[in-house]
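A.B. asks: Data file start07.cif (mmCIF, C-alpha atoms and all ligand atoms) is appended below.
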```cif
data_run
loop_
_atom_site.label_atom_id
_atom_site.label_comp_id
_atom_site.auth_asym_id
_atom_site.auth_seq_id
_atom_site.Cartn_x
_atom_site.Cartn_y
_atom_site.Cartn_z
CA MET A 42 0.08 34.23 12.83
CA SER A 43 1.59 36.37 10.11
CA SER A 44 0.83 35.48 6.49
CA THR A 45 4.48 34.60 5.85
CA ALA A 46 4.81 32.01 8.67
CA PRO A 47 4.96 28.45 7.33
CA LYS A 48 1.79 26.40 7.63
CA THR A 49 1.76 23.38 9.96
CA ASN A 50 1.47 20.13 8.02
CA LEU A 51 -1.21 18.07 9.78
CA LEU A 52 -0.49 14.91 7.77
CA GLY A 53 2.16 13.57 10.16
CA LEU A 54 0.57 14.56 13.48
CA PRO A 55 -0.69 11.65 15.59
CA HIS A 56 -3.84 12.05 17.70
CA GLY A 57 -2.23 13.61 20.79
CA ASP A 58 -0.21 16.17 18.83
CA LEU A 59 -3.15 17.12 16.63
CA GLU A 60 -5.37 17.53 19.69
CA GLN A 61 -2.78 19.89 21.18
CA PHE A 62 -2.46 21.88 17.98
CA LEU A 63 -6.23 22.33 17.76
CA ALA A 64 -6.69 23.01 21.49
CA ALA A 65 -4.15 25.83 21.29
CA ARG A 66 -6.64 27.56 18.95
CA GLY A 67 -9.62 26.86 21.19
CA GLU A 68 -10.99 23.78 19.40
CA LYS A 69 -12.61 20.93 21.38
CA PRO A 70 -10.64 17.66 21.73
CA PHE A 71 -13.07 15.63 19.58
CA ARG A 72 -12.21 17.81 16.57
CA ALA A 73 -8.89 15.98 16.34
CA ARG A 74 -10.69 12.70 15.66
CA GLN A 75 -12.77 14.30 12.92
CA VAL A 76 -9.73 15.83 11.22
CA LEU A 77 -7.81 12.52 11.43
CA GLN A 78 -10.67 10.65 9.80
CA TRP A 79 -10.91 13.19 7.00
CA ILE A 80 -7.19 13.12 6.29
CA HIS A 81 -6.38 9.43 6.66
CA GLN A 82 -9.61 7.49 6.16
CA ARG A 83 -11.35 9.61 3.53
CA GLY A 84 -8.23 10.93 1.82
CA VAL A 85 -9.37 14.57 2.03
CA SER A 86 -6.68 17.26 1.99
CA GLU A 87 -8.71 20.48 1.66
CA PHE A 88 -10.17 21.91 4.86
CA ALA A 89 -13.06 23.35 2.84
CA ASP A 90 -14.19 19.75 2.19
CA MET A 91 -14.20 18.78 5.88
CA THR A 92 -17.89 19.48 6.16
CA ASP A 93 -18.48 18.61 9.80
CA LEU A 94 -16.10 21.37 10.96
CA SER A 95 -17.55 24.83 11.51
CA LYS A 96 -16.97 27.45 8.84
CA ALA A 97 -14.84 29.46 11.25
CA SER A 98 -12.66 26.40 12.01
CA ARG A 99 -12.19 25.65 8.36
CA ALA A 100 -11.21 29.26 7.73
CA TRP A 101 -8.47 29.43 10.36
CA LEU A 102 -7.19 25.96 9.45
CA ASP A 103 -6.89 27.05 5.87
CA LYS A 104 -4.72 29.99 6.93
CA GLU A 105 -2.49 28.20 9.42
CA ALA A 106 -2.38 24.55 8.39
CA GLU A 107 -2.17 22.27 5.41
CA VAL A 108 -2.24 18.60 4.45
CA ALA A 109 0.89 18.32 2.33
CA LEU A 110 1.61 14.94 0.73
CA PRO A 111 4.97 13.87 -0.65
CA ARG A 112 5.05 14.35 -4.43
CA VAL A 113 4.87 11.18 -6.50
CA LEU A 114 7.51 11.02 -9.21
CA SER A 115 6.61 7.68 -10.77
CA ARG A 116 4.72 4.42 -10.45
CA HIS A 117 5.89 1.09 -11.86
CA ASP A 118 3.79 -2.07 -12.03
CA SER A 119 5.51 -5.47 -12.03
CA THR A 120 4.16 -8.43 -13.99
CA ASP A 121 3.59 -10.18 -10.63
CA GLY A 122 1.29 -7.40 -9.35
CA THR A 123 3.93 -5.64 -7.23
CA VAL A 124 3.73 -1.83 -7.47
CA LYS A 125 6.59 0.59 -6.78
CA TRP A 126 6.27 4.35 -6.29
CA LEU A 127 9.08 6.88 -6.21
CA PHE A 128 8.42 9.89 -3.93
CA ALA A 129 10.28 13.19 -4.12
CA SER A 130 12.11 13.98 -0.92
CA GLY A 131 13.57 17.39 -1.77
CA SER A 132 16.78 18.58 -3.45
CA GLY A 133 16.29 16.19 -6.37
CA GLN A 134 16.23 13.14 -4.09
CA ALA A 135 13.67 10.36 -3.82
CA VAL A 136 12.62 7.36 -1.74
CA GLU A 137 10.76 4.22 -2.76
CA THR A 138 7.64 2.43 -1.53
CA VAL A 139 6.53 -1.03 -2.64
CA PHE A 140 3.15 -2.78 -2.53
CA ILE A 141 3.16 -6.59 -2.55
CA PRO A 142 -0.26 -8.17 -3.13
CA GLU A 143 -0.97 -11.70 -1.91
CA PRO A 144 -4.29 -13.54 -1.88
CA ALA A 145 -4.95 -13.03 1.84
CA ARG A 146 -3.23 -9.69 2.39
CA GLY A 147 -1.58 -6.68 0.82
CA THR A 148 1.75 -5.59 2.30
CA LEU A 149 3.14 -2.09 1.90
CA CYS A 150 6.90 -1.78 2.36
CA ILE A 151 7.74 1.81 3.34
CA SER A 152 10.89 3.91 3.66
CA SER A 153 11.98 5.81 6.76
CA GLN A 154 15.16 7.62 5.60
CA VAL A 155 16.70 9.05 2.45
CA GLY A 156 19.46 6.47 2.17
CA CYS A 157 20.96 4.76 5.20
CA ALA A 158 24.13 5.35 7.19
CA LEU A 159 24.52 1.81 8.50
CA ASP A 160 26.40 0.53 5.52
CA CYS A 161 25.41 -3.16 5.49
CA ALA A 162 27.66 -4.85 2.96
CA PHE A 163 24.90 -6.39 0.80
CA CYS A 164 22.34 -3.55 0.64
CA ALA A 165 21.72 -1.15 -2.27
CA THR A 166 20.35 1.53 0.08
CA GLY A 167 23.42 1.31 2.29
CA ALA A 168 25.70 1.53 -0.74
CA GLN A 169 24.30 4.99 -1.48
CA GLY A 170 25.06 6.47 1.91
CA PHE A 171 22.77 8.66 3.99
CA ASN A 172 21.16 12.01 3.35
CA ARG A 173 18.43 12.67 5.93
CA ASN A 174 15.54 11.34 7.99
CA LEU A 175 12.05 11.45 6.53
CA ASP A 176 9.61 13.37 8.72
CA SER A 177 6.45 11.67 9.96
CA ALA A 178 4.34 13.24 7.17
CA GLU A 179 6.70 11.85 4.53
CA ILE A 180 6.49 8.41 6.15
CA ILE A 181 2.71 8.26 6.59
CA GLY A 182 2.22 10.03 3.24
CA GLN A 183 3.53 6.88 1.52
CA VAL A 184 0.76 4.87 3.18
CA ARG A 185 -1.98 7.36 2.42
CA HIS A 186 -0.95 7.64 -1.18
CA ALA A 187 -0.79 3.85 -1.72
CA ILE A 188 -4.21 3.30 -0.13
CA MET A 189 -5.80 6.01 -2.26
CA ASP A 190 -4.01 4.89 -5.43
CA LEU A 191 -4.87 1.17 -5.25
CA PRO A 192 -8.28 -0.38 -5.85
CA ARG A 193 -9.98 -1.75 -2.71
CA ARG A 194 -10.07 -5.47 -1.95
CA ASP A 195 -13.15 -7.53 -2.86
CA ASN A 196 -14.44 -7.15 0.71
CA GLY A 197 -14.33 -3.35 0.39
CA GLU A 198 -11.32 -2.97 2.72
CA PRO A 199 -8.27 -0.94 1.64
CA ALA A 200 -5.74 -2.90 -0.46
CA VAL A 201 -3.07 -2.33 2.19
CA THR A 202 -3.61 -4.67 5.16
CA ASN A 203 -0.03 -4.85 6.50
CA ILE A 204 2.82 -2.38 6.79
CA VAL A 205 6.50 -3.29 6.97
CA PHE A 206 9.31 -0.76 7.55
CA MET A 207 11.59 -2.65 5.16
CA GLY A 208 12.11 0.01 2.50
CA MET A 209 14.97 2.49 2.48
CA GLY A 210 16.58 3.41 5.79
CA GLU A 211 16.95 2.16 9.33
CA PRO A 212 13.66 2.99 11.10
CA LEU A 213 15.11 2.93 14.62
CA ALA A 214 17.72 5.51 13.59
CA ASN A 215 14.78 7.87 12.92
CA TYR A 216 12.99 6.95 16.10
CA ARG A 217 10.80 10.00 16.82
CA ASN A 218 9.32 10.31 13.34
CA VAL A 219 8.83 6.57 12.98
CA VAL A 220 6.98 6.35 16.31
CA ALA A 221 4.68 9.22 15.24
CA ALA A 222 3.90 7.30 12.05
CA LEU A 223 3.36 4.07 14.04
CA LYS A 224 0.84 5.83 16.26
CA LEU A 225 -1.11 6.92 13.17
CA LEU A 226 -0.98 3.39 11.74
CA VAL A 227 -2.48 1.75 14.82
CA SER A 228 -4.98 4.48 15.82
CA ASP A 229 -8.66 3.77 15.15
CA TRP A 230 -9.10 7.37 13.99
CA SER A 231 -6.60 6.95 11.17
CA TYR A 232 -5.49 3.54 9.78
CA GLY A 233 -6.71 1.29 12.61
CA LEU A 234 -4.21 -1.50 11.92
CA SER A 235 -3.57 -4.16 14.56
CA ARG A 236 -0.06 -3.99 16.02
CA ARG A 237 0.58 -7.46 14.66
CA ARG A 238 0.09 -6.13 11.14
CA VAL A 239 2.74 -3.43 11.49
CA THR A 240 6.37 -4.57 11.47
CA ILE A 241 9.52 -2.61 12.22
CA SER A 242 12.59 -4.19 10.65
CA THR A 243 15.86 -3.18 12.28
CA SER A 244 19.50 -4.03 11.87
CA GLY A 245 19.71 -3.99 15.66
CA ILE A 246 19.93 -0.62 17.43
CA VAL A 247 19.61 -2.06 20.92
CA PRO A 248 18.61 0.99 23.05
CA GLN A 249 15.85 1.87 20.57
CA ILE A 250 14.51 -1.69 20.60
CA GLU A 251 14.17 -1.34 24.36
CA LYS A 252 12.39 2.02 24.02
CA LEU A 253 10.07 0.79 21.29
CA GLY A 254 9.00 -2.14 23.44
CA ASP A 255 7.67 0.29 26.04
CA GLU A 256 6.24 2.87 23.67
CA CYS A 257 4.63 1.08 20.73
CA ASN A 258 4.77 -2.70 20.74
CA VAL A 259 4.40 -3.45 17.05
CA SER A 260 5.85 -6.61 15.48
CA LEU A 261 9.62 -6.75 15.34
CA ALA A 262 11.86 -8.18 12.62
CA VAL A 263 15.61 -8.21 13.21
CA SER A 264 18.16 -8.35 10.41
CA LEU A 265 20.57 -10.93 11.79
CA HIS A 266 22.22 -12.31 8.64
CA ALA A 267 25.10 -14.00 10.49
CA PRO A 268 25.25 -16.39 13.45
CA ASN A 269 28.50 -15.12 14.98
CA ASP A 270 30.01 -11.70 15.73
CA GLU A 271 33.03 -12.10 13.48
CA LEU A 272 30.92 -12.51 10.35
CA ARG A 273 28.17 -10.11 11.46
CA ASN A 274 30.73 -7.35 12.08
CA GLU A 275 31.54 -7.59 8.37
CA LEU A 276 28.01 -7.85 7.02
CA VAL A 277 26.14 -5.58 9.43
CA PRO A 278 28.69 -3.11 10.84
CA ILE A 279 26.35 -1.82 13.60
CA ASN A 280 27.13 -5.20 15.21
CA LYS A 281 30.45 -3.76 16.40
CA LEU A 282 28.44 -1.39 18.61
CA HIS A 283 25.64 -3.81 19.54
CA PRO A 284 26.92 -7.39 19.31
CA ILE A 285 24.69 -10.43 18.91
CA SER A 286 24.43 -11.26 22.64
CA ALA A 287 23.16 -7.75 23.53
CA LEU A 288 20.86 -7.71 20.51
CA LEU A 289 19.27 -11.05 21.39
CA GLU A 290 18.86 -10.04 25.01
CA ALA A 291 16.93 -6.94 23.88
CA CYS A 292 14.85 -9.12 21.56
CA TRP A 293 13.81 -11.56 24.28
CA ALA A 294 12.96 -8.66 26.58
CA TYR A 295 10.84 -7.13 23.78
CA ALA A 296 9.03 -10.41 23.18
CA GLY A 297 8.58 -10.96 26.94
CA LYS A 298 6.84 -7.61 27.36
CA HIS A 299 4.06 -8.76 25.07
CA SER A 300 3.24 -12.35 26.02
CA ASN A 301 6.12 -13.86 24.11
CA ARG A 302 5.20 -12.53 20.72
CA PHE A 303 7.48 -14.09 18.12
CA ILE A 304 10.34 -12.07 16.67
CA THR A 305 11.28 -12.66 13.06
CA PHE A 306 14.99 -12.97 12.32
CA GLU A 307 15.82 -12.03 8.75
CA TYR A 308 18.73 -13.82 7.16
CA VAL A 309 19.90 -12.87 3.67
CA THR A 310 21.59 -15.91 2.15
CA LEU A 311 24.85 -14.96 0.46
CA ARG A 312 26.61 -17.60 -1.60
CA GLY A 313 29.69 -18.98 0.14
CA VAL A 314 29.51 -16.34 2.89
CA ASN A 315 26.82 -17.28 5.44
CA ASP A 316 24.92 -20.18 3.87
CA SER A 317 26.66 -23.38 5.04
CA LEU A 318 25.05 -26.02 7.22
CA SER A 319 27.45 -25.12 9.99
CA HIS A 320 26.10 -21.54 9.85
CA ALA A 321 22.60 -23.02 10.10
CA ASP A 322 23.65 -25.01 13.17
CA GLN A 323 25.12 -21.94 14.85
CA LEU A 324 21.98 -19.98 14.07
CA ALA A 325 19.75 -22.69 15.49
CA LYS A 326 21.81 -22.73 18.68
CA LEU A 327 21.25 -18.98 19.15
CA LEU A 328 17.50 -19.09 18.64
CA ILE A 329 16.28 -22.47 19.83
CA ASP A 330 13.64 -22.48 22.58
CA LYS A 331 13.14 -18.73 22.15
CA PRO A 332 10.14 -16.86 20.70
CA ALA A 333 11.88 -16.68 17.32
CA LYS A 334 11.25 -17.57 13.72
CA VAL A 335 13.68 -17.28 10.84
CA ASN A 336 12.88 -15.73 7.48
CA LEU A 337 15.50 -16.55 4.86
CA ILE A 338 15.80 -13.90 2.14
CA PRO A 339 17.42 -14.87 -1.15
CA PHE A 340 19.99 -12.12 -1.85
CA ASN A 341 18.82 -9.67 -4.50
CA PRO A 342 21.73 -8.37 -6.55
CA PHE A 343 22.20 -4.72 -7.52
CA PRO A 344 24.74 -2.97 -9.73
CA GLY A 345 28.23 -2.91 -8.26
CA THR A 346 27.85 -5.72 -5.71
CA ASP A 347 30.10 -8.76 -5.61
CA PHE A 348 27.77 -10.89 -3.51
CA LYS A 349 25.85 -13.71 -5.14
CA ARG A 350 22.55 -15.33 -4.28
CA SER A 351 22.82 -18.83 -2.77
CA SER A 352 21.39 -21.55 -5.02
CA ALA A 353 17.79 -22.66 -4.42
CA ASP A 354 19.19 -26.02 -3.31
CA THR A 355 21.50 -24.45 -0.72
CA ILE A 356 18.66 -22.33 0.68
CA HIS A 357 16.42 -25.39 0.79
CA HIS A 358 19.00 -27.39 2.76
CA PHE A 359 19.72 -24.47 5.08
CA GLN A 360 16.03 -24.12 5.86
CA ALA A 361 15.60 -27.88 6.31
CA ARG A 362 18.51 -27.92 8.77
CA LEU A 363 16.94 -25.13 10.84
CA ARG A 364 13.66 -27.05 10.91
CA GLN A 365 15.44 -30.26 11.92
CA ARG A 366 16.92 -28.34 14.81
CA GLY A 367 13.41 -27.31 15.88
CA LEU A 368 13.12 -23.77 14.52
CA VAL A 369 10.29 -22.26 12.53
CA ALA A 370 11.91 -21.22 9.25
CA THR A 371 10.48 -19.87 6.01
CA THR A 372 12.00 -18.50 2.80
CA ARG A 373 10.78 -15.18 1.42
CA ARG A 374 9.56 -15.29 -2.16
CA THR A 375 11.27 -12.63 -4.24
CA ARG A 376 8.71 -10.22 -5.66
CA GLY A 377 8.92 -7.32 -8.08
CA ASP A 378 12.51 -7.89 -9.21
CA ASP A 379 11.58 -6.91 -12.80
CA ILE A 380 11.00 -3.35 -11.51
CA ASP A 381 13.92 -3.39 -9.02
CA ALA A 382 11.46 -3.52 -6.13
CA ALA A 383 12.79 -6.60 -4.33
CA CYS A 384 14.30 -6.47 -0.81
CA GLY A 385 17.55 -4.56 -0.71
CA GLN A 386 17.21 -3.22 -4.25
CA LEU A 387 15.54 0.04 -3.28
CA ALA A 388 17.88 2.83 -4.19
CA GLY A 389 15.65 5.84 -4.88
CA LYS A 390 17.83 8.87 -5.46
CA VAL A 391 20.18 9.78 -2.66
CA SER A 392 23.10 12.11 -2.46
CA ASP A 393 25.34 10.99 0.36
CA ARG A 394 26.09 13.59 3.01
CA VAL A 395 28.18 11.42 5.25
CA ARG A 396 31.06 10.13 3.22
CA LYS A 397 32.08 9.79 -0.38
CA ARG A 398 31.15 6.21 -0.95
CA LEU A 399 32.32 5.45 -4.44
CA GLY A 400 35.90 5.33 -3.28
CA ASP A 401 35.48 3.23 -0.17
CA LYS A 402 33.01 0.60 -1.41
CA PRO A 403 35.31 -1.51 -3.56
CA VAL A 404 37.88 -1.51 -0.76
CA ARG A 405 35.37 -2.95 1.68
CA GLN A 406 34.18 -5.59 -0.77
CA GLU A 407 37.79 -6.46 -1.41
CA ARG A 408 38.19 -6.97 2.34
CA MET A 409 35.18 -9.33 2.37
CA ARG A 410 36.63 -11.22 -0.58
CA ASN A 411 39.96 -11.64 1.17
CA LYS A 412 38.22 -12.90 4.29
CA LYS A 413 36.20 -15.34 2.22
CA THR A 414 39.33 -16.65 0.58
CA ARG A 415 41.00 -17.01 3.97
CA ARG A 416 38.00 -18.91 5.32
CA ALA A 417 37.81 -21.13 2.25
CA SER A 418 41.48 -22.03 2.49
CA ALA A 419 41.38 -22.55 6.28
N1 LIG B 1 17.17 -1.05 7.80
C1 LIG B 1 16.26 -2.06 8.15
C2 LIG B 1 15.07 -2.14 7.20
C3 LIG B 1 15.31 -1.98 5.75
S1 LIG B 1 16.12 -3.29 4.94
C4 LIG B 1 16.95 -3.40 8.28
O1 LIG B 1 18.10 -3.51 7.90
O2 LIG B 1 16.32 -4.33 8.79
C5 LIG B 1 14.89 -4.59 4.90
C6 LIG B 1 15.47 -5.99 4.78
O3 LIG B 1 16.07 -6.20 3.48
C7 LIG B 1 16.55 -6.26 5.81
O4 LIG B 1 16.43 -7.52 6.40
C8 LIG B 1 17.78 -6.19 4.94
O5 LIG B 1 18.86 -6.84 5.51
C9 LIG B 1 17.31 -6.83 3.67
N2 LIG B 1 18.20 -6.61 2.53
C10 LIG B 1 19.06 -5.59 2.35
N3 LIG B 1 19.73 -5.74 1.18
C11 LIG B 1 19.26 -6.87 0.60
C12 LIG B 1 19.53 -7.53 -0.64
N4 LIG B 1 20.40 -7.02 -1.51
N5 LIG B 1 18.88 -8.66 -0.91
C13 LIG B 1 17.95 -9.15 -0.04
N6 LIG B 1 17.64 -8.55 1.14
C14 LIG B 1 18.29 -7.41 1.46
FE1 LIG B 2 20.47 0.31 6.24
FE2 LIG B 2 18.89 -1.86 6.53
FE3 LIG B 2 20.33 -1.47 4.27
FE4 LIG B 2 21.58 -2.07 6.56
S1 LIG B 2 20.12 -3.39 5.42
S2 LIG B 2 22.21 -0.50 5.08
S3 LIG B 2 20.34 -0.99 8.05
S4 LIG B 2 18.66 -0.21 5.01
#
```
Just dump the structure as structure tokens.
C.D. replies:
Amino acid sequence: MSSTAPKTNLLGLPHGDLEQFLAARGEKPFRARQVLQWIHQRGVSEFADMTDLSKASRAWLDKEAEVALPRVLSRHDSTDGTVKWLFASGSGQAVETVFIPEPARGTLCISSQVGCALDCAFCATGAQGFNRNLDSAEIIGQVRHAIMDLPRRDNGEPAVTNIVFMGMGEPLANYRNVVAALKLLVSDWSYGLSRRRVTISTSGIVPQIEKLGDECNVSLAVSLHAPNDELRNELVPINKLHPISALLEACWAYAGKHSNRFITFEYVTLRGVNDSLSHADQLAKLLIDKPAKVNLIPFNPFPGTDFKRSSADTIHHFQARLRQRGLVATTRRTRGDDIDAACGQLAGKVSDRVRKRLGDKPVRQERMRNKKTRRASA
């Protein structure tokens, strides 16, 4: 390798890929496990400090490889214990990661893309447009940094016990890099998390849900947000490509592959848009007798949006109606809104490469408003 060739970043390589990389230089397969443990469990980035590797191995690794972490731009701590980090993602852009502590667990909400192209009507990330996919090192780097930055739990375990892909971006639109990160999360040589403690949240890219079910059966959360295609087409535009019936079919197949593991359906409650009791009835009809639970998310506003959060009373009645109809339904507690870290508020710093959004956003919200008025007067 010439001295000018770029070094391979080992941070994002799952076990199989790392084994291959090392084997190509004559290293034994078990070396991959050692390197993974150094990088992910002990937080070591310098090969010189990986003391159970031979001197010769450390020397060639130093020349040809590196452990390059995403650069941290800032950390904010909320009064409720939530922590938000901003990571540089090149060209002046940034993505966000959020840690949400609870008594029994610590959940890390990570980003998978710089922005998002899917343009859901009520989402701050979507409103910024899309720039690029994060690579697997940039995804897993968020996890490594948070674990190293936070004090351990009282039982000596890392503060992060659960991972949710609910930060910026649509994880299934960055399938290859996300699956590499998933493999690192569940491998005993790196983070060793149970598949139940790792959740992919998707707006519903059906072919990728099918693939994921075969490749890495982590927990699945689906952003439904509307109980019929007409409304979902407006709120979650990917629905025009993958309508509710196809999405639910893929969900039940996913659950069926893994002894009917429950799928969580996320439902952002938007005042006067999707929060009536008749919406609750339609939703119950779709999900009843299936391995499904509903997680209602109070809408979190962001600058420039016209949507409003449903009142606590409305959400309470909506949830009660779902329960009456036999569904398991919970409401997500909003955390970290004093540091703009709540669901859907993550904006990072994105320069849109797909379309110039500032012009088209008000038009689309105007369209929603007109529809709402039509519905209200119907
Ligand atoms: N792209 C994926 C994951 C990231 S969004 C997805 O859409 O599922 C994570 C969750 O936050 C999704 O359920 C999303 O619909 C929700 N969300 C987006 N904007 C929101 C907002 N302004 N208020 C509350 N939740 C929001
Ligand atoms: Fe993208 Fe998810 Fe936001 Fe939709 S809700 S725009 S899929 S990040």
A.B. asks: Which residue out of A:Leu311, A:Ala165, A:Val263, A:Ala383 has the minimum interatomic distance to A:Asn336 when all atoms listed in the file are used?
C.D. replies: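 Counting all atoms listed in the file, the residue closest to A:Asn336 is A:Val263.
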A.B. asks: How many Å lie between atom CA of A:Phe171 and atom CA of A:Ser115, rounded to one decimal?
C.D. replies: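 The value is 21.9 Å.
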A.B. asks: What do you get as a ChimeraX atom specification if you pick all residues at most 10 Å from ligand LIG 2 (chain B), counting all atoms listed in the file?
C.D. replies: /A:152-171,206-214,242-246,263-266,276-279,309,384-388
A.B. asks: Tell me, as a PyMOL selection string, which residues lie within 6 Å of stretch 134-144 of chain A, counting all atoms listed in the file; anything in the same chain fewer than 5 positions away does not count.
C.D. replies: chain A and resi 123-129+149-151+389-391
A.B. asks: How big is the axis-aligned box around all listed atoms of stretch 265-270 of chain A once 6 Å goes on each side, and where's its centre, in Å to one decimal, as AutoDock Vina command-line options?
C.D. replies:
```
--center_x 25.3 --center_y -13.7 --center_z 12.2 --size_x 21.4 --size_y 17.5 --size_z 19.1
```
A.B. asks: Could you pull the residues within 7 Å of A:Thr305, counting all atoms listed in the file, minus those fewer than 2 positions along the same chain, as a list in words?
C.D. replies: Leu261, Ala262, Val263, Phe303, Glu307, Ala333, Lys334, Val335 and Asn336 of chain A
A.B. asks: Can you pull out every residue within 9 Å of A:Arg366, counting all atoms listed in the file, but drop anything in the same chain fewer than 5 positions away, and send it as a PDB file with C-alpha atoms, in the frame of the given file?
C.D. replies:
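Result file follows (result.pdb):
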```pdb
ATOM      1  CA  ASP A 322      23.650 -25.010  13.170  1.00  0.00           C
ATOM      2  CA  ALA A 325      19.750 -22.690  15.490  1.00  0.00           C
ATOM      3  CA  LYS A 326      21.810 -22.730  18.680  1.00  0.00           C
ATOM      4  CA  ILE A 329      16.280 -22.470  19.830  1.00  0.00           C
ATOM      5  CA  ALA A 361      15.600 -27.880   6.310  1.00  0.00           C
TER       6      ALA A 361
END
```
A.B. asks: My list of candidates is A:Trp101, A:Tyr232, A:Phe71, A:Phe306. Which is closest to ligand LIG 1 (chain B) when distances are computed with only C-alpha atoms and all ligand atoms?
C.D. replies: A:Phe306
A.B. asks: Find the residues near stretch 179-196 of chain A: any atom within 6 Å, counting all atoms listed in the file, skip ones fewer than 4 places away on the same chain, and give them as a PDB file with C-alpha atoms, in the coordinates of the input.
C.D. replies:
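To be explicit, this is the file written out as selection.pdb:
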```pdb
ATOM      1  CA  LEU A 110       1.610  14.940   0.730  1.00  0.00           C
ATOM      2  CA  PRO A 111       4.970  13.870  -0.650  1.00  0.00           C
ATOM      3  CA  LEU A 175      12.050  11.450   6.530  1.00  0.00           C
ATOM      4  CA  ALA A 200      -5.740  -2.900  -0.460  1.00  0.00           C
ATOM      5  CA  ALA A 222       3.900   7.300  12.050  1.00  0.00           C
TER       6      ALA A 222
END
```
A.B. asks: Which residue out of A:Arg83, A:Arg376, A:Arg362, A:Lys224 has the minimum interatomic distance to ligand LIG 1 (chain B) when only C-alpha atoms and all ligand atoms are used?
C.D. replies: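 The shortest atom-to-atom distance to ligand LIG 1 (chain B) comes from A:Arg376.
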A.B. asks: Using all atoms listed in the file, give me every residue within 12 Å of (-9.5, 13.4, 11.1) in file coordinates, as an NGL selection string.
C.D. replies: :A and (51-56 or 59-60 or 63 or 70-88 or 90-94 or 108 or 225 or 228-232)
A.B. asks: Could those residues be written to a file, using C-alpha atoms, as a PDB file, in the coordinates of the input?
C.D. replies:
```pdb
ATOM      1  CA  LEU A  51      -1.210  18.070   9.780  1.00  0.00           C
ATOM      2  CA  LEU A  52      -0.490  14.910   7.770  1.00  0.00           C
ATOM      3  CA  GLY A  53       2.160  13.570  10.160  1.00  0.00           C
ATOM      4  CA  LEU A  54       0.570  14.560  13.480  1.00  0.00           C
ATOM      5  CA  PRO A  55      -0.690  11.650  15.590  1.00  0.00           C
ATOM      6  CA  HIS A  56      -3.840  12.050  17.700  1.00  0.00           C
ATOM      7  CA  LEU A  59      -3.150  17.120  16.630  1.00  0.00           C
ATOM      8  CA  GLU A  60      -5.370  17.530  19.690  1.00  0.00           C
ATOM      9  CA  LEU A  63      -6.230  22.330  17.760  1.00  0.00           C
ATOM     10  CA  PRO A  70     -10.640  17.660  21.730  1.00  0.00           C
ATOM     11  CA  PHE A  71     -13.070  15.630  19.580  1.00  0.00           C
ATOM     12  CA  ARG A  72     -12.210  17.810  16.570  1.00  0.00           C
ATOM     13  CA  ALA A  73      -8.890  15.980  16.340  1.00  0.00           C
ATOM     14  CA  ARG A  74     -10.690  12.700  15.660  1.00  0.00           C
ATOM     15  CA  GLN A  75     -12.770  14.300  12.920  1.00  0.00           C
ATOM     16  CA  VAL A  76      -9.730  15.830  11.220  1.00  0.00           C
ATOM     17  CA  LEU A  77      -7.810  12.520  11.430  1.00  0.00           C
ATOM     18  CA  GLN A  78     -10.670  10.650   9.800  1.00  0.00           C
ATOM     19  CA  TRP A  79     -10.910  13.190   7.000  1.00  0.00           C
ATOM     20  CA  ILE A  80      -7.190  13.120   6.290  1.00  0.00           C
ATOM     21  CA  HIS A  81      -6.380   9.430   6.660  1.00  0.00           C
ATOM     22  CA  GLN A  82      -9.610   7.490   6.160  1.00  0.00           C
ATOM     23  CA  ARG A  83     -11.350   9.610   3.530  1.00  0.00           C
ATOM     24  CA  GLY A  84      -8.230  10.930   1.820  1.00  0.00           C
ATOM     25  CA  VAL A  85      -9.370  14.570   2.030  1.00  0.00           C
ATOM     26  CA  SER A  86      -6.680  17.260   1.990  1.00  0.00           C
ATOM     27  CA  GLU A  87      -8.710  20.480   1.660  1.00  0.00           C
ATOM     28  CA  PHE A  88     -10.170  21.910   4.860  1.00  0.00           C
ATOM     29  CA  ASP A  90     -14.190  19.750   2.190  1.00  0.00           C
ATOM     30  CA  MET A  91     -14.200  18.780   5.880  1.00  0.00           C
ATOM     31  CA  THR A  92     -17.890  19.480   6.160  1.00  0.00           C
ATOM     32  CA  ASP A  93     -18.480  18.610   9.800  1.00  0.00           C
ATOM     33  CA  LEU A  94     -16.100  21.370  10.960  1.00  0.00           C
ATOM     34  CA  VAL A 108      -2.240  18.600   4.450  1.00  0.00           C
ATOM     35  CA  LEU A 225      -1.110   6.920  13.170  1.00  0.00           C
ATOM     36  CA  SER A 228      -4.980   4.480  15.820  1.00  0.00           C
ATOM     37  CA  ASP A 229      -8.660   3.770  15.150  1.00  0.00           C
ATOM     38  CA  TRP A 230      -9.100   7.370  13.990  1.00  0.00           C
ATOM     39  CA  SER A 231      -6.600   6.950  11.170  1.00  0.00           C
ATOM     40  CA  TYR A 232      -5.490   3.540   9.780  1.00  0.00           C
TER      41      TYR A 232
END
```
A.B. asks: Contacts of A:Ile356 at 8 Å or less, counting all atoms listed in the file, minus same-chain residues fewer than 5 places along, as a PyMOL selection string?
C.D. replies: chain A and resi 310+316+337+339+351+372
A.B. asks: I'd like to know which of A:Asp121, A:Asp255, A:Asp347, A:Glu198 is closest to ligand LIG 1 (chain B), using all atoms listed in the file.
C.D. replies: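 The shortest atom-to-atom distance to ligand LIG 1 (chain B) comes from A:Asp347.
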A.B. asks: Check the smallest atom-to-atom distance from each of A:Ala353, A:Lys69, A:Ile304, A:Val205 to A:Thr148 using all atoms listed in the file, then report the winner.
C.D. replies: A:Val205
A.B. asks: When you count only C-alpha atoms and all ligand atoms, which of these residues is closest to ligand LIG 1 (chain B): A:Leu234, A:Ala321, A:Leu282, A:Ala382?
C.D. replies: A:Ala382
